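Structure first, commentary second.
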Amino acid sequence: MKEKFINELNNLGYKTSVTEKFVVFDYVIQAGKFKDRQIKLGFEIVEFPIAIPHGPHFSPLLVPINQKGGHPGRIHASELFKDNGGHLSRPYPNDSKKTVKDYMIYIGYLFNTL
């Protein structure tokens, strides 16, 4: 299941590396306040495509940690990137489109609107 997610990311042109819990890759934000900024993304893949990753871990930390409120302000500490990253706890809203391509469109929206 993790392999399917990784293969789909690779097919989209991302060069992935894998830790014990996460798949990690470079990502360039396409729009918004952080347009053209390259960051690292990390996803914990459990049962793809049955379960879509919960939300991205990212580094560097683009905005301060803030565990209150909704998007875009709520940023949690990152288990993956520790002091130099954050975690967007944003469940994927479209359960019917369980492809990595569709999920990455959603990830783009999250970072374009930070």
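Simple scheme: letters A, B, ... for chains in structure tokens order, numbers from 1 for residues in each chain, numbers from 1 for ligands in the order shown.
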* Arg37 of chain A environment, 10 Å, only C-alpha atoms, sequence neighbours closer than 5 positions dropped, as a PyMOL selection string -> chain A and resi 27-31+62
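Every protein, DNA or RNA residue with an atom at most 9 Å from Val46 of chain A, where only C-alpha atoms count and chain neighbours fewer than 4 positions away do not, is listed here: Met1, Lys2, Lys21, Ile50, Ala51, Ile52 and Pro53 of chain A.
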Resulting file, chosen residues, N, CA and C atoms, as a short mmCIF file (atom, residue, chain, number, x, y, z; two decimals), in the first residue's frame:
data_model
loop_
_atom_site.label_atom_id
_atom_site.label_comp_id
_atom_site.auth_asym_id
_atom_site.auth_seq_id
_atom_site.Cartn_x
_atom_site.Cartn_y
_atom_site.Cartn_z
N MET A 1 0.81 -1.19 0.00
CA MET A 1 0.00 0.00 0.00
C MET A 1 0.86 1.26 0.00
N LYS A 2 1.90 1.27 0.82
CA LYS A 2 2.83 2.39 0.81
C LYS A 2 3.51 2.48 -0.55
N LYS A 21 8.66 5.48 8.92
CA LYS A 21 7.24 5.85 8.97
C LYS A 21 6.76 6.75 7.84
N ILE A 50 -7.08 2.93 0.87
CA ILE A 50 -8.20 2.82 1.81
C ILE A 50 -8.25 4.05 2.70
N ALA A 51 -7.10 4.47 3.20
CA ALA A 51 -7.01 5.66 4.04
C ALA A 51 -6.00 6.62 3.41
N ILE A 52 -6.43 7.83 3.16
CA ILE A 52 -5.56 8.88 2.63
C ILE A 52 -4.72 9.42 3.79
N PRO A 53 -3.46 9.84 3.54
CA PRO A 53 -2.66 10.39 4.64
C PRO A 53 -3.40 11.51 5.37
#
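Between Lys101 of chain A and the residues A:Gly13, A:Gly85, A:Gly73, A:Pro60, the shortest atom-to-atom distance, using only C-alpha atoms, involves A:Gly13.
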* Residue contacts of Leu41 of chain A (9 Å, only C-alpha atoms) excluding same-chain residues fewer than 4 positions away, as a PyMOL selection string -> chain A and resi 23-27+56-59
For those residues, write N, CA and C atoms to a file as a compact mmCIF listing (two decimals), in the first residue's frame.
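Saved to out-v2.txt:
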# COMPACT_ATOMS: atom_id res chain seq x y z
N VAL A 23 7.16 8.90 3.88
CA VAL A 23 7.72 9.13 2.56
C VAL A 23 7.97 10.64 2.48
N VAL A 24 9.17 11.02 2.02
CA VAL A 24 9.61 12.42 2.05
C VAL A 24 10.05 12.83 0.65
N PHE A 25 9.76 14.08 0.28
CA PHE A 25 10.18 14.58 -1.05
C PHE A 25 10.16 16.09 -1.06
N ASP A 26 10.88 16.67 -2.03
CA ASP A 26 10.89 18.11 -2.22
C ASP A 26 9.63 18.54 -2.94
N TYR A 27 9.14 19.71 -2.60
CA TYR A 27 7.90 20.24 -3.17
C TYR A 27 8.06 21.75 -3.31
N PRO A 56 0.03 16.79 5.70
CA PRO A 56 1.46 16.85 5.43
C PRO A 56 2.28 17.38 6.62
N HIS A 57 3.44 16.78 6.79
CA HIS A 57 4.50 17.35 7.61
C HIS A 57 5.35 18.16 6.64
N PHE A 58 5.89 19.29 7.08
CA PHE A 58 6.67 20.12 6.15
C PHE A 58 7.83 20.80 6.87
N SER A 59 8.85 21.09 6.09
CA SER A 59 10.04 21.78 6.59
C SER A 59 10.61 22.63 5.46
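For the choices A:Val18, A:Ile107, A:Ile45, A:Val63, the atom-to-atom distance to Ala77 of chain A is smallest for A:Val63 when using only C-alpha atoms.
With only C-alpha atoms as the atoms that count, the minimum distance from Pro91 of chain A to the choices A:Gly55, A:Phe5, A:Leu114, A:Phe43 is reached by A:Gly55.
In this structure, atom CA of Ile6 of chain A sits 29.3 Å away from atom CA of Pro64 of chain A.
The residues of segment 10-108 of chain A that DSSP assigns to helix (DSSP H, G or I) on this backbone come out as Asn10, Asn11, Val100, Lys101, Asp102, Tyr103, Met104, Ile105, Tyr106, Ile107 and Gly108 of chain A.
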Next, write the just-selected residues to a file, as a PDB file, in the first residue's frame, keeping C-alpha atoms as the atom set.
ATOM      1  CA  ASN A  10       7.322   9.104  -8.550  1.00  0.00           C
ATOM      2  CA  ASN A  11       5.087   8.995 -11.640  1.00  0.00           C
ATOM      3  CA  VAL A 100      -2.166  10.650  -5.326  1.00  0.00           C
ATOM      4  CA  LYS A 101      -2.678  13.185  -8.114  1.00  0.00           C
ATOM      5  CA  ASP A 102      -5.967  14.380  -6.571  1.00  0.00           C
ATOM      6  CA  TYR A 103      -4.453  14.365  -3.085  1.00  0.00           C
ATOM      7  CA  MET A 104      -1.515  16.489  -4.277  1.00  0.00           C
ATOM      8  CA  ILE A 105      -3.962  19.020  -5.756  1.00  0.00           C
ATOM      9  CA  TYR A 106      -5.426  19.315  -2.252  1.00  0.00           C
ATOM     10  CA  ILE A 107      -1.920  19.655  -0.753  1.00  0.00           C
ATOM     11  CA  GLY A 108      -1.252  22.444  -3.263  1.00  0.00           C
TER      12      GLY A 108
END
